[in-house]
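As provided, model13.tsv (TSV, C-alpha atoms and all ligand atoms) reads as follows.
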chain	number	residue	atom	x	y	z
I	1	MET	CA	-37.41	18.79	23.33
I	2	ASN	CA	-41.07	19.72	23.19
I	3	ASP	CA	-42.45	23.16	24.03
I	4	GLU	CA	-43.36	22.13	27.55
I	5	THR	CA	-39.81	21.09	28.52
I	6	LYS	CA	-38.37	24.28	26.99
I	7	ARG	CA	-40.65	26.36	29.15
I	8	ASP	CA	-40.07	24.43	32.34
I	9	PRO	CA	-36.57	22.94	32.30
I	10	LYS	CA	-36.13	20.17	34.85
I	11	PRO	CA	-33.09	20.72	37.09
I	12	ASP	CA	-30.46	18.44	35.65
I	13	SER	CA	-28.48	16.46	38.21
I	14	THR	CA	-25.38	16.72	36.02
I	15	TRP	CA	-25.40	20.51	36.21
I	16	ARG	CA	-22.40	22.00	37.97
I	17	GLN	CA	-22.83	24.51	40.77
I	18	ALA	CA	-22.61	27.71	38.70
I	19	THR	CA	-25.32	26.39	36.37
I	20	ARG	CA	-27.57	25.36	39.26
I	21	LEU	CA	-27.25	28.85	40.75
I	22	VAL	CA	-28.44	30.48	37.52
I	23	ARG	CA	-31.06	27.94	36.42
I	24	GLY	CA	-31.97	25.66	39.33
I	25	GLY	CA	-35.63	25.80	40.36
I	26	THR	CA	-36.78	27.95	37.44
I	27	ARG	CA	-40.40	27.27	36.55
I	28	ARG	CA	-41.78	29.33	33.72
I	29	SER	CA	-45.36	30.45	33.33
I	30	GLU	CA	-47.37	30.24	30.09
I	31	PHE	CA	-45.75	33.56	29.04
I	32	GLY	CA	-42.27	32.08	28.70
I	33	GLU	CA	-40.56	34.85	30.66
I	34	THR	CA	-36.73	34.85	30.85
I	35	SER	CA	-36.50	36.08	34.42
I	36	GLU	CA	-38.34	34.16	37.13
I	37	GLY	CA	-41.89	35.41	37.71
I	38	LEU	CA	-42.91	37.27	40.83
I	39	PHE	CA	-46.22	35.85	42.05
I	40	ILE	CA	-47.65	38.42	44.44
I	41	THR	CA	-50.67	36.46	45.58
I	42	SER	CA	-51.94	35.24	48.93
I	43	GLY	CA	-54.28	32.60	47.59
I	44	TYR	CA	-55.15	30.44	44.58
I	45	ILE	CA	-58.46	29.63	43.00
I	46	TYR	CA	-60.01	26.22	42.43
I	47	PRO	CA	-61.96	25.39	39.26
I	48	THR	CA	-64.54	23.47	41.33
I	49	ALA	CA	-65.50	22.82	44.94
I	50	GLU	CA	-64.39	19.22	44.42
I	51	ASP	CA	-60.90	20.45	43.49
I	52	ALA	CA	-60.75	22.50	46.70
I	53	GLU	CA	-61.79	19.47	48.77
I	54	ARG	CA	-59.14	17.30	47.10
I	55	ALA	CA	-56.45	19.95	47.73
I	56	PHE	CA	-57.29	20.12	51.43
I	57	LYS	CA	-57.26	16.32	51.70
I	58	GLY	CA	-53.71	16.43	50.29
I	59	GLN	CA	-54.84	14.47	47.22
I	60	SER	CA	-53.53	16.98	44.68
I	61	ASN	CA	-50.18	18.68	44.32
I	62	ARG	CA	-51.03	22.35	43.93
I	63	PHE	CA	-50.70	25.74	45.59
I	64	ILE	CA	-53.29	26.32	48.32
I	65	TYR	CA	-52.26	29.40	50.29
I	66	SER	CA	-49.03	31.42	50.38
I	67	ARG	CA	-48.49	30.70	54.07
I	68	TYR	CA	-47.71	27.12	52.96
I	69	SER	CA	-46.26	27.67	49.49
I	70	ASN	CA	-46.07	30.13	46.60
I	71	PRO	CA	-44.57	29.69	43.09
I	72	THR	CA	-41.85	32.34	43.58
I	73	VAL	CA	-40.95	31.06	47.06
I	74	GLU	CA	-40.87	27.51	45.69
I	75	MET	CA	-38.44	28.53	42.93
I	76	LEU	CA	-36.14	29.93	45.62
I	77	GLU	CA	-36.48	26.75	47.69
I	78	ASN	CA	-35.70	24.54	44.71
I	79	ARG	CA	-32.68	26.62	43.69
I	80	LEU	CA	-31.38	26.44	47.27
I	81	CYS	CA	-31.87	22.64	47.23
I	82	ALA	CA	-29.88	22.41	43.99
I	83	LEU	CA	-27.10	24.50	45.55
I	84	GLU	CA	-26.92	22.71	48.89
I	85	GLY	CA	-27.44	19.18	47.58
I	86	ALA	CA	-30.60	18.82	49.66
I	87	THR	CA	-34.01	17.39	48.77
I	88	ILE	CA	-36.00	19.59	51.16
I	89	CYS	CA	-36.01	23.37	51.67
I	90	ARG	CA	-38.41	25.69	53.46
I	91	ALA	CA	-37.78	29.39	53.06
I	92	THR	CA	-38.51	31.72	55.98
I	93	ALA	CA	-39.01	35.46	56.52
I	94	SER	CA	-35.63	35.91	58.24
I	95	GLY	CA	-32.56	33.98	59.32
I	96	MET	CA	-33.82	33.96	62.90
I	97	GLY	CA	-37.15	32.60	61.65
I	98	ALA	CA	-35.16	29.70	60.15
I	99	VAL	CA	-33.09	29.11	63.31
I	100	PHE	CA	-36.12	29.16	65.63
I	101	THR	CA	-38.37	27.10	63.33
I	102	SER	CA	-35.69	24.46	62.70
I	103	LEU	CA	-35.39	23.78	66.45
I	104	ALA	CA	-38.82	24.61	67.88
I	105	CYS	CA	-40.57	22.32	65.38
I	106	MET	CA	-38.85	19.21	66.75
I	107	LEU	CA	-38.23	19.99	70.46
I	108	LYS	CA	-40.61	19.62	73.39
I	109	ALA	CA	-40.47	20.13	77.16
I	110	GLY	CA	-37.82	17.92	78.73
I	111	ASP	CA	-35.77	17.56	75.53
I	112	ARG	CA	-32.08	18.41	75.65
I	113	LEU	CA	-30.28	20.77	73.27
I	114	VAL	CA	-26.51	21.23	73.18
I	115	ALA	CA	-25.06	24.27	71.39
I	116	SER	CA	-21.70	25.92	71.00
I	117	GLN	CA	-21.33	29.06	73.11
I	118	ALA	CA	-19.89	31.25	70.35
I	119	LEU	CA	-23.15	32.30	68.74
I	120	PHE	CA	-24.75	35.22	66.94
I	121	GLY	CA	-26.51	37.39	69.59
I	122	SER	CA	-30.07	36.37	68.66
I	123	CYS	CA	-29.15	32.67	68.34
I	124	HIS	CA	-27.72	32.90	71.86
I	125	TYR	CA	-30.99	34.46	73.07
I	126	VAL	CA	-33.10	31.69	71.48
I	127	MET	CA	-30.94	28.97	73.07
I	128	THR	CA	-30.64	30.52	76.54
I	129	GLU	CA	-33.92	32.45	77.02
I	130	ILE	CA	-36.69	31.41	74.63
I	131	LEU	CA	-36.36	27.64	74.28
I	132	PRO	CA	-35.83	27.12	78.06
I	133	LYS	CA	-39.17	28.94	78.62
I	134	PHE	CA	-40.82	25.97	76.89
I	135	GLY	CA	-39.02	23.49	79.16
I	136	ILE	CA	-36.19	22.66	76.75
I	137	ILE	CA	-32.93	22.05	78.57
I	138	THR	CA	-30.02	23.86	76.94
I	139	GLU	CA	-26.33	23.34	77.54
I	140	LEU	CA	-23.66	25.55	75.94
I	141	VAL	CA	-20.16	24.20	75.34
I	142	ASP	CA	-16.85	25.54	74.09
I	143	GLY	CA	-17.27	24.53	70.46
I	144	LYS	CA	-13.53	24.26	69.80
I	145	ASP	CA	-13.08	21.64	72.53
I	146	LEU	CA	-13.93	18.11	71.35
I	147	ASN	CA	-13.71	16.82	74.93
I	148	ALA	CA	-16.40	19.29	75.98
I	149	TRP	CA	-18.60	17.94	73.15
I	150	LYS	CA	-17.88	14.33	74.22
I	151	LYS	CA	-18.90	15.12	77.79
I	152	ALA	CA	-22.04	17.07	76.85
I	153	LEU	CA	-23.11	14.42	74.33
I	154	SER	CA	-22.65	11.48	76.69
I	155	THR	CA	-26.26	12.22	77.81
I	156	PRO	CA	-29.14	11.54	75.37
I	157	THR	CA	-29.77	14.72	73.37
I	158	LYS	CA	-32.40	15.72	70.80
I	159	ALA	CA	-30.63	18.55	68.97
I	160	VAL	CA	-27.16	20.02	68.52
I	161	PHE	CA	-26.72	23.55	67.17
I	162	VAL	CA	-23.56	25.34	66.04
I	163	GLU	CA	-22.31	28.22	63.92
I	164	THR	CA	-18.98	27.85	62.12
I	165	PRO	CA	-17.13	30.13	61.58
I	166	SER	CA	-18.69	31.83	64.58
I	167	ASN	CA	-19.63	35.47	64.94
I	168	PRO	CA	-17.54	37.53	65.64
I	169	THR	CA	-14.49	35.53	66.75
I	170	LEU	CA	-14.45	33.21	63.69
I	171	GLU	CA	-14.03	30.03	65.71
I	172	ILE	CA	-14.18	26.84	63.67
I	173	ILE	CA	-16.10	23.77	64.79
I	174	ASP	CA	-15.13	20.33	63.52
I	175	LEU	CA	-18.41	19.43	61.81
I	176	LYS	CA	-17.54	15.80	61.02
I	177	ALA	CA	-16.44	15.03	64.59
I	178	VAL	CA	-19.43	16.78	66.21
I	179	ALA	CA	-21.84	15.12	63.73
I	180	ASP	CA	-20.62	11.68	64.82
I	181	LEU	CA	-20.98	12.56	68.52
I	182	ALA	CA	-24.42	14.15	67.96
I	183	HIS	CA	-25.71	11.06	66.16
I	184	ALA	CA	-24.36	8.73	68.84
I	185	ALA	CA	-26.33	10.80	71.41
I	186	GLY	CA	-29.51	10.46	69.31
I	187	ALA	CA	-29.54	14.11	68.19
I	188	ARG	CA	-30.21	15.86	64.92
I	189	PHE	CA	-27.32	18.20	64.08
I	190	VAL	CA	-28.34	21.71	62.98
I	191	VAL	CA	-25.71	24.07	61.54
I	192	ASP	CA	-26.02	27.81	60.91
I	193	ASN	CA	-23.88	28.08	57.76
I	194	VAL	CA	-24.24	31.84	57.25
I	195	PHE	CA	-20.61	32.86	57.75
I	196	ALA	CA	-19.27	30.09	55.50
I	197	THR	CA	-21.97	30.30	52.81
I	198	PRO	CA	-22.83	27.19	50.74
I	199	ILE	CA	-20.09	28.23	48.31
I	200	LEU	CA	-17.32	27.61	50.86
I	201	GLN	CA	-18.78	24.87	53.05
I	202	LYS	CA	-21.22	22.00	52.49
I	203	PRO	CA	-22.18	20.81	56.00
I	204	MET	CA	-24.34	17.91	54.78
I	205	GLU	CA	-21.32	16.31	53.14
I	206	LEU	CA	-19.77	16.22	56.62
I	207	GLY	CA	-22.77	14.50	58.25
I	208	VAL	CA	-24.88	17.50	59.29
I	209	ASP	CA	-28.65	16.85	59.23
I	210	ILE	CA	-30.13	20.33	58.92
I	211	VAL	CA	-28.55	23.51	57.51
I	212	VAL	CA	-30.01	26.96	58.22
I	213	TYR	CA	-29.29	30.28	56.54
I	214	SER	CA	-29.99	33.93	56.85
I	215	THR	CA	-30.45	34.68	53.14
I	216	THR	CA	-30.35	38.36	54.20
I	217	LYS	CA	-26.57	38.08	54.15
I	218	HIS	CA	-24.56	36.86	51.12
I	219	MET	CA	-27.47	35.33	49.19
I	220	ASP	CA	-29.18	38.68	48.77
I	221	GLY	CA	-25.78	40.26	49.20
I	222	GLN	CA	-26.90	43.78	48.38
I	223	GLY	CA	-28.70	44.80	51.56
I	224	ARG	CA	-32.26	44.68	50.21
I	225	ALA	CA	-34.32	41.81	51.56
I	226	MET	CA	-34.65	39.84	54.78
I	227	GLY	CA	-34.96	36.07	54.49
I	228	GLY	CA	-33.91	32.66	55.73
I	229	ALA	CA	-33.96	28.99	54.80
I	230	ILE	CA	-33.97	25.51	56.35
I	231	LEU	CA	-32.47	22.67	54.28
I	232	THR	CA	-32.36	18.94	54.96
I	233	ASN	CA	-32.60	15.45	53.48
I	234	ASP	CA	-34.44	14.14	56.54
I	235	GLN	CA	-37.89	13.11	55.31
I	236	GLU	CA	-39.10	12.15	58.78
I	237	TYR	CA	-38.11	15.60	60.12
I	238	LEU	CA	-40.06	17.19	57.26
I	239	GLU	CA	-43.23	15.19	57.70
I	240	LYS	CA	-43.39	14.85	61.47
I	241	HIS	CA	-41.98	18.21	62.53
I	242	LEU	CA	-41.25	20.87	59.94
I	243	THR	CA	-44.32	20.74	57.69
I	244	PRO	CA	-47.01	20.99	60.39
I	245	PHE	CA	-45.07	23.62	62.39
I	246	TYR	CA	-44.37	25.76	59.32
I	247	ARG	CA	-47.91	25.49	58.01
I	248	HIS	CA	-49.61	26.40	61.26
I	249	THR	CA	-47.23	29.00	62.75
I	250	GLY	CA	-46.51	31.06	59.60
I	251	PRO	CA	-42.77	31.83	59.26
I	252	ALA	CA	-43.12	32.03	55.43
I	253	PRO	CA	-41.30	34.81	53.54
I	254	SER	CA	-42.92	37.31	51.20
I	255	PRO	CA	-42.82	36.39	47.49
I	256	PHE	CA	-41.09	39.70	46.74
I	257	ASN	CA	-38.22	39.10	49.16
I	258	SER	CA	-37.91	35.53	47.90
I	259	TRP	CA	-37.66	36.80	44.34
I	260	VAL	CA	-34.87	39.23	45.30
I	261	VAL	CA	-32.89	36.41	46.93
I	262	LEU	CA	-33.61	34.04	44.02
I	263	LYS	CA	-32.02	36.56	41.64
I	264	GLY	CA	-29.17	37.20	44.13
I	265	LEU	CA	-28.25	33.50	44.01
I	266	GLU	CA	-27.41	33.82	40.30
I	267	THR	CA	-24.28	35.81	41.22
I	268	LEU	CA	-23.56	34.25	44.64
I	269	GLU	CA	-20.53	32.21	43.61
I	270	LEU	CA	-18.90	35.12	41.76
I	271	ARG	CA	-19.50	37.49	44.63
I	272	VAL	CA	-18.34	35.16	47.41
I	273	ARG	CA	-15.18	34.33	45.47
I	274	GLN	CA	-14.36	38.03	45.09
I	275	HIS	CA	-15.30	38.84	48.73
I	276	CYS	CA	-12.78	36.14	49.78
I	277	LEU	CA	-10.02	37.45	47.49
I	278	ASN	CA	-10.51	40.94	48.91
I	279	ALA	CA	-10.65	39.61	52.49
I	280	ARG	CA	-7.39	37.66	52.08
I	281	GLN	CA	-5.61	40.77	50.85
I	282	ILE	CA	-7.00	42.96	53.64
I	283	ALA	CA	-6.36	40.37	56.39
I	284	GLY	CA	-2.76	40.06	55.21
I	285	HIS	CA	-2.39	43.83	55.43
I	286	LEU	CA	-3.98	44.09	58.90
I	287	GLU	CA	-1.87	41.23	60.25
I	288	LYS	CA	1.30	43.22	59.45
I	289	HIS	CA	-0.09	46.58	60.62
I	290	LYS	CA	1.80	48.00	63.62
I	291	ARG	CA	-1.39	49.21	65.35
I	292	ILE	CA	-3.21	45.88	65.17
I	293	LYS	CA	-2.64	43.42	68.02
I	294	ARG	CA	-4.45	40.44	66.52
I	295	THR	CA	-6.10	39.66	63.21
I	296	LEU	CA	-8.52	36.74	63.03
I	297	TYR	CA	-9.18	35.33	59.55
I	298	PRO	CA	-9.47	31.58	58.91
I	299	ALA	CA	-7.35	31.63	55.73
I	300	LEU	CA	-4.38	33.18	57.59
I	301	ALA	CA	-1.86	30.60	58.83
I	302	SER	CA	-1.95	32.47	62.18
I	303	HIS	CA	-5.61	31.55	62.78
I	304	PRO	CA	-5.63	29.09	65.72
I	305	GLN	CA	-7.68	26.58	63.72
I	306	HIS	CA	-6.31	27.32	60.27
I	307	ALA	CA	-5.76	23.65	59.33
I	308	LEU	CA	-9.30	22.60	60.29
I	309	ALA	CA	-10.75	25.67	58.56
I	310	MET	CA	-9.00	24.86	55.30
I	311	ARG	CA	-10.02	21.21	55.50
I	312	GLN	CA	-13.66	22.09	56.00
I	313	MET	CA	-14.00	25.27	53.91
I	314	LYS	CA	-12.84	26.23	50.44
I	315	ASP	CA	-11.65	29.68	51.60
I	316	GLY	CA	-11.46	31.93	54.64
I	317	SER	CA	-14.94	33.52	54.44
I	318	THR	CA	-15.87	37.16	53.99
I	319	VAL	CA	-15.45	38.52	57.53
I	320	ILE	CA	-12.28	39.61	59.36
I	321	THR	CA	-12.11	40.38	63.08
I	322	PHE	CA	-9.26	42.39	64.55
I	323	GLU	CA	-8.19	43.92	67.84
I	324	PHE	CA	-6.12	46.88	68.93
I	325	ASP	CA	-5.22	48.46	72.27
I	326	GLY	CA	-7.32	51.24	73.72
I	327	GLY	CA	-10.65	49.51	74.39
I	328	ARG	CA	-14.01	50.93	73.50
I	329	GLU	CA	-12.81	54.55	73.29
I	330	ARG	CA	-10.26	53.85	70.60
I	331	ALA	CA	-12.58	51.44	68.78
I	332	PHE	CA	-15.24	54.18	68.55
I	333	LYS	CA	-12.64	56.73	67.42
I	334	PHE	CA	-11.59	54.29	64.70
I	335	LEU	CA	-15.15	53.57	63.52
I	336	ASN	CA	-16.06	57.27	63.52
I	337	ALA	CA	-12.99	58.09	61.41
I	338	LEU	CA	-13.93	55.71	58.57
I	339	ARG	CA	-14.93	57.48	55.36
I	340	LEU	CA	-15.70	54.63	52.94
I	341	ILE	CA	-16.56	51.66	55.15
I	342	ASP	CA	-19.95	52.01	56.83
I	343	ILE	CA	-20.83	51.29	60.45
I	344	SER	CA	-23.50	48.57	60.25
I	345	ASN	CA	-24.22	45.29	62.00
I	346	ASN	CA	-25.17	43.58	58.72
I	347	LEU	CA	-22.67	41.44	56.79
I	348	GLY	CA	-22.14	39.68	53.49
I	349	ASP	CA	-23.02	42.90	51.63
I	350	ALA	CA	-21.39	44.35	48.51
I	351	LYS	CA	-20.58	47.37	50.70
I	352	SER	CA	-17.88	46.95	53.35
I	353	LEU	CA	-19.49	47.17	56.78
I	354	THR	CA	-17.97	47.28	60.20
I	355	THR	CA	-19.28	46.88	63.72
I	356	HIS	CA	-18.12	46.94	67.35
I	357	PRO	CA	-19.56	43.63	68.65
I	358	ALA	CA	-19.14	44.44	72.36
I	359	THR	CA	-21.57	47.39	72.17
I	360	THR	CA	-23.92	46.15	69.42
I	361	THR	CA	-24.52	42.51	68.45
I	362	HIS	CA	-23.18	41.20	71.77
I	363	GLN	CA	-24.00	44.11	74.12
I	364	ARG	CA	-26.74	42.13	75.88
I	365	LEU	CA	-24.19	39.69	77.31
I	366	THR	CA	-22.42	40.36	80.61
I	367	PRO	CA	-18.72	41.39	80.45
I	368	ASP	CA	-17.96	37.91	81.84
I	369	GLU	CA	-19.88	36.15	79.07
I	370	ARG	CA	-18.15	38.31	76.46
I	371	ALA	CA	-14.75	37.50	77.97
I	372	LYS	CA	-15.62	33.78	77.81
I	373	MET	CA	-16.44	34.20	74.11
I	374	GLY	CA	-13.22	36.13	73.53
I	375	ILE	CA	-14.98	39.40	72.61
I	376	SER	CA	-12.92	42.34	73.85
I	377	ASP	CA	-13.74	46.06	73.90
I	378	GLY	CA	-10.97	46.70	71.37
I	379	MET	CA	-12.40	44.21	68.87
I	380	VAL	CA	-13.85	45.25	65.51
I	381	ARG	CA	-15.60	43.04	62.95
I	382	LEU	CA	-15.23	43.89	59.28
I	383	SER	CA	-17.50	42.43	56.60
I	384	VAL	CA	-15.38	42.83	53.50
I	385	GLY	CA	-17.30	44.18	50.52
I	386	LEU	CA	-16.77	44.24	46.78
I	387	GLU	CA	-15.11	47.66	46.53
I	388	ASP	CA	-11.52	47.75	45.29
I	389	PRO	CA	-9.54	46.23	48.19
I	390	ALA	CA	-6.93	49.01	47.84
I	391	ASP	CA	-9.63	51.57	48.71
I	392	ILE	CA	-10.74	49.51	51.71
I	393	ILE	CA	-7.13	49.29	52.91
I	394	ASP	CA	-6.61	53.06	52.44
I	395	ASP	CA	-9.70	53.75	54.54
I	396	LEU	CA	-8.66	51.33	57.32
I	397	ASP	CA	-5.17	52.88	57.40
I	398	GLN	CA	-6.34	56.47	57.65
I	399	ALA	CA	-8.91	55.59	60.35
I	400	LEU	CA	-6.27	53.70	62.38
I	401	GLU	CA	-3.96	56.69	62.04
I	402	THR	CA	-6.69	58.99	63.43
I	403	ALA	CA	-7.62	56.56	66.22
I	404	PHE	CA	-4.02	56.44	67.47
I	405	ARG	CA	-3.36	60.16	67.13
Z	501	LIG	C1	-27.62	37.44	60.57
Z	501	LIG	C2	-27.46	36.11	61.15
Z	501	LIG	C3	-28.57	35.40	61.63
Z	501	LIG	C4	-29.96	35.96	61.62
Z	501	LIG	O1	-30.42	36.27	60.36
Z	501	LIG	P1	-31.55	37.40	60.08
Z	501	LIG	O2	-31.82	37.27	58.63
Z	501	LIG	O3	-30.92	38.71	60.48
Z	501	LIG	O4	-32.70	37.08	60.95
Z	501	LIG	C5	-28.35	34.14	62.16
Z	501	LIG	N1	-27.11	33.61	62.23
Z	501	LIG	C6	-26.03	34.28	61.79
Z	501	LIG	C7	-24.70	33.63	61.89
Z	501	LIG	C8	-26.16	35.54	61.24
Z	501	LIG	O5	-25.07	36.19	60.81
If you convert what's in this file into structure tokens, what do you get?
Ligand SMILES: *Cc1c(COP(=O)(O)O)cnc(C)c1O
Amino acid sequence: MNDETKRDPKPDSTWRQATRLVRGGTRRSEFGETSEGLFITSGYIYPTAEDAERAFKGQSNRFIYSRYSNPTVEMLENRLCALEGATICRATASGMGAVFTSLACMLKAGDRLVASQALFGSCHYVMTEILPKFGIITELVDGKDLNAWKKALSTPTKAVFVETPSNPTLEIIDLKAVADLAHAAGARFVVDNVFATPILQKPMELGVDIVVYSTTKHMDGQGRAMGGAILTNDQEYLEKHLTPFYRHTGPAPSPFNSWVVLKGLETLELRVRQHCLNARQIAGHLEKHKRIKRTLYPALASHPQHALAMRQMKDGSTVITFEFDGGRERAFKFLNALRLIDISNNLGDAKSLTTHPATTTHQRLTPDERAKMGISDGMVRLSVGLEDPADIIDDLDQALETAFR
């Protein structure tokens, strides 16, 4: 090994996942730093005017401007590629930036988009309000119902979009089956893999074309930095759609936020594994609790799509949703009685966070739309953190006690 290869180790295709998460994408500067460098720069200088001309003609492979690419952002993108098993990644400033960019870059007026109806609030808004403003025709289907997919995808379609597990009802969509139907309809299949994380679910192995993330969630995992990512192996999508759209509309993340997420990835597998262990224990406890009417967690045998969830994912994910009687009033009483768990709409954080979807993330929907999605006023979503699960359980128990007093 010469000095150059020591400084700039090439990602090794034989590396296992844990190794890729720690080392993938690392590109050292001349200083030989251990930790990845943080390049806070908007631009780059050219030794000569001829070099600048060549760069703009696309004749040299170099950094031009941080709206297109930056060394720290590129390290994040390459580490995400190594994790996902993708050849292409573009990082974005937020998860919603990734969702919107992934679709808007390839759709035009008259194109058809089919999406599952159980969506994160802002994803729902993009599908039903923003994209239709540009003449894109959107149809929402019950994602659990393969016949609904068959019907919707019997018409030529350009894009299919789903979230699985969905927020907040943790519905599971059969990725392999929908991928086959999407491709037969001529569509690219885009999956928001935030709830599953790339540790638990690899959508591309099931035929998905494009995977999007909010890196704000588990990848940062400590509530510090917003970010998102688009991953694919589709070279035509990159060249024809994603590259020009990204370059000219500017969804790029800041180098600092990218650096935070890059370092967060080093512990992603450890954290997600522990989040899941904690969640299993807490879901088991809630399921048996006399005050709880229904506990939704994909790793519980009582989850309506448990078998599909366990076929598609390595574990049940890091979020639990549960319901009790007493509607909004009791739900608020419960949330206000919590002493350890915080009220917050974020998720995937080391800190346990809880939210009342009907009045926060999904408050913009009509009561009818919420009912269709299965979101009741007595429903609470819990993002299980990395505290001792016994402390989380103690807090849930005492708050339930107070809420039912
Ligand atoms: C949070 C989230 C998003 C949006 O990500 P931001 O980083 O908040 O923009 C999209 N999809 C899902 C499933 C999410 O949980």
Next item on the list: Identify, counting all atoms listed in the file, the protein, DNA and RNA residues located within 6 Å of ligand LIG 501 (chain Z), and give them as a ChimeraX atom specification.
Entry: /I:94-96,120,194-195,214,216,226-228
Notebook entry, point to check: Within 7 Å of Ile320 (chain I), counting all atoms listed in the file, which residues qualify if same-chain residues fewer than 4 places away don't, as a PyMOL selection string?
Noted result: chain I and resi 283+296-297+381-383
Could the residues in this selection be written to a file with C-alpha atoms, as a short mmCIF file (atom, residue, chain, number, x, y, z; two decimals), in the coordinates of the input?
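Output file again16.cif is given in full below:
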data_model
loop_
_atom_site.label_atom_id
_atom_site.label_comp_id
_atom_site.auth_asym_id
_atom_site.auth_seq_id
_atom_site.Cartn_x
_atom_site.Cartn_y
_atom_site.Cartn_z
CA ALA I 283 -6.36 40.37 56.39
CA LEU I 296 -8.52 36.74 63.03
CA TYR I 297 -9.18 35.33 59.55
CA ARG I 381 -15.60 43.04 62.95
CA LEU I 382 -15.23 43.89 59.28
CA SER I 383 -17.50 42.43 56.60
#
Note to self: With only C-alpha atoms as the counted atoms, please give the residues lying no more than 12 Å from Lys202 (chain I), apart from itself and same-chain residues fewer than 5 positions off, as a VMD selection string.
What the structure shows: chain I and resid 81 83 to 86 164 175 to 176 191 to 194 196 to 197 207 to 212 231 to 232 311 to 314
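Remark: for His362 (chain I), the closest of the candidate residues I:Thr169, I:Thr155, I:Thr295, I:Gln59 is I:Thr169 (distances computed over only C-alpha atoms).
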Check: So which residues are close to (-2.6, 39.2, 52.4), meaning at most 12 Å away in the file's coordinates with only C-alpha atoms counted, and can you show them as a PyMOL selection string?
Finding: chain I and resi 276-289+295+297+299-302+316+320+389-390+393
Notebook entry, point to check: Can you tell me, as JSON, numbers by chain, what residues are no more than 9 Å from Glu77 (chain I) when counting all atoms listed in the file, ignoring any on the same chain fewer than 2 positions away?
Noted result: {"I": [25, 72, 73, 74, 75, 79, 80, 81, 82, 88, 89, 90, 91, 229, 231, 258, 262]}
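CA of Ala55 (chain I) is positioned 23.6 Å from CA of Thr26 (chain I).
If you measure from each of I:Lys263, I:Val99, I:Ser116, I:Ile137 to Ile230 (chain I) using all atoms listed in the file, the closest one turns out to be I:Val99.
Here CA of Tyr44 (chain I) and CA of Gln235 (chain I) stand 26.7 Å from one another.
Among the candidates I:Ala399, I:Ala252, I:Ile45, I:Ala18, the one nearest to Lys333 (chain I) when counting all atoms listed in the file is I:Ala399.
In terms of minimum interatomic distance to Gly385 (chain I), I:Gly223 ranks closest within I:Gly223, I:Gly43, I:Gly326, I:Gly135, counting all atoms listed in the file.
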Item checked: Atom-to-atom span, CA of Leu107 (chain I) and CA of Ala159 (chain I), Å -> 7.9 Å
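Nearest to Leu265 (chain I) of all the residues I:Pro198, I:Val319, I:Ala118, I:Asn167 is I:Pro198, counting all atoms listed in the file.
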How close does region 330-351 of chain I get to region 368-378 of chain I? List, as a Markdown table, each residue of region 330-351 of chain I within 12 Å, its nearest atom pair and the distance in Å to one decimal, counting all atoms listed in the file.
| residue | atom | partner | partner_atom | distance |
| --- | --- | --- | --- | --- |
| I:Arg330 | CA | I:Gly378 | CA | 7.2 |
| I:Ala331 | CA | I:Gly378 | CA | 5.6 |
| I:Phe332 | CA | I:Gly378 | CA | 9.1 |
| I:Lys333 | CA | I:Gly378 | CA | 10.9 |
| I:Phe334 | CA | I:Gly378 | CA | 10.1 |
| I:Leu335 | CA | I:Gly378 | CA | 11.2 |
Please tell me which residues are no farther than 9 Å from (-46.8, 32.1, 58.1) in the file, counting all atoms listed in the file, and write them as a compact mmCIF listing (two decimals) with C-alpha atoms, in the frame of the given file.
# COMPACT_ATOMS: atom_id res chain seq x y z
CA SER I 66 -49.03 31.42 50.38
CA ARG I 67 -48.49 30.70 54.07
CA TYR I 68 -47.71 27.12 52.96
CA THR I 92 -38.51 31.72 55.98
CA ALA I 93 -39.01 35.46 56.52
CA TYR I 246 -44.37 25.76 59.32
CA ARG I 247 -47.91 25.49 58.01
CA HIS I 248 -49.61 26.40 61.26
CA THR I 249 -47.23 29.00 62.75
CA GLY I 250 -46.51 31.06 59.60
CA PRO I 251 -42.77 31.83 59.26
CA ALA I 252 -43.12 32.03 55.43
CA PRO I 253 -41.30 34.81 53.54
Which residues come within 9 Å of Leu308 (chain I), counting all atoms listed in the file, excluding same-chain residues fewer than 6 positions away, as a short mmCIF file (atom, residue, chain, number, x, y, z; two decimals) with C-alpha atoms, keeping the file's coordinate frame?
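Writing the result to selection_18.cif gives the following:
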data_model
loop_
_atom_site.label_atom_id
_atom_site.label_comp_id
_atom_site.auth_asym_id
_atom_site.auth_seq_id
_atom_site.Cartn_x
_atom_site.Cartn_y
_atom_site.Cartn_z
CA ILE I 172 -14.18 26.84 63.67
CA ILE I 173 -16.10 23.77 64.79
CA ASP I 174 -15.13 20.33 63.52
#
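In this comparison, which uses all atoms listed in the file, the residue of I:Arg291, I:Lys144, I:His356, I:Arg112 approaching Leu396 (chain I) most closely is I:Arg291.
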Next item on the list: List the neighbours of Thr267 (chain I) out to 10 Å using all atoms listed in the file; skip same-chain residues closer than 5 positions along the sequence, and give me the result as a list in words.
Entry: Ala18, Leu21, Val22, His218, Met219, Asp220, Gly221, Leu262 and Val272 of chain I
Saved selection, atoms kept: C-alpha atoms, as a compact mmCIF listing (two decimals), in the coordinates of the input:
# COMPACT_ATOMS: atom_id res chain seq x y z
CA ALA I 18 -22.61 27.71 38.70
CA LEU I 21 -27.25 28.85 40.75
CA VAL I 22 -28.44 30.48 37.52
CA HIS I 218 -24.56 36.86 51.12
CA MET I 219 -27.47 35.33 49.19
CA ASP I 220 -29.18 38.68 48.77
CA GLY I 221 -25.78 40.26 49.20
CA LEU I 262 -33.61 34.04 44.02
CA VAL I 272 -18.34 35.16 47.41
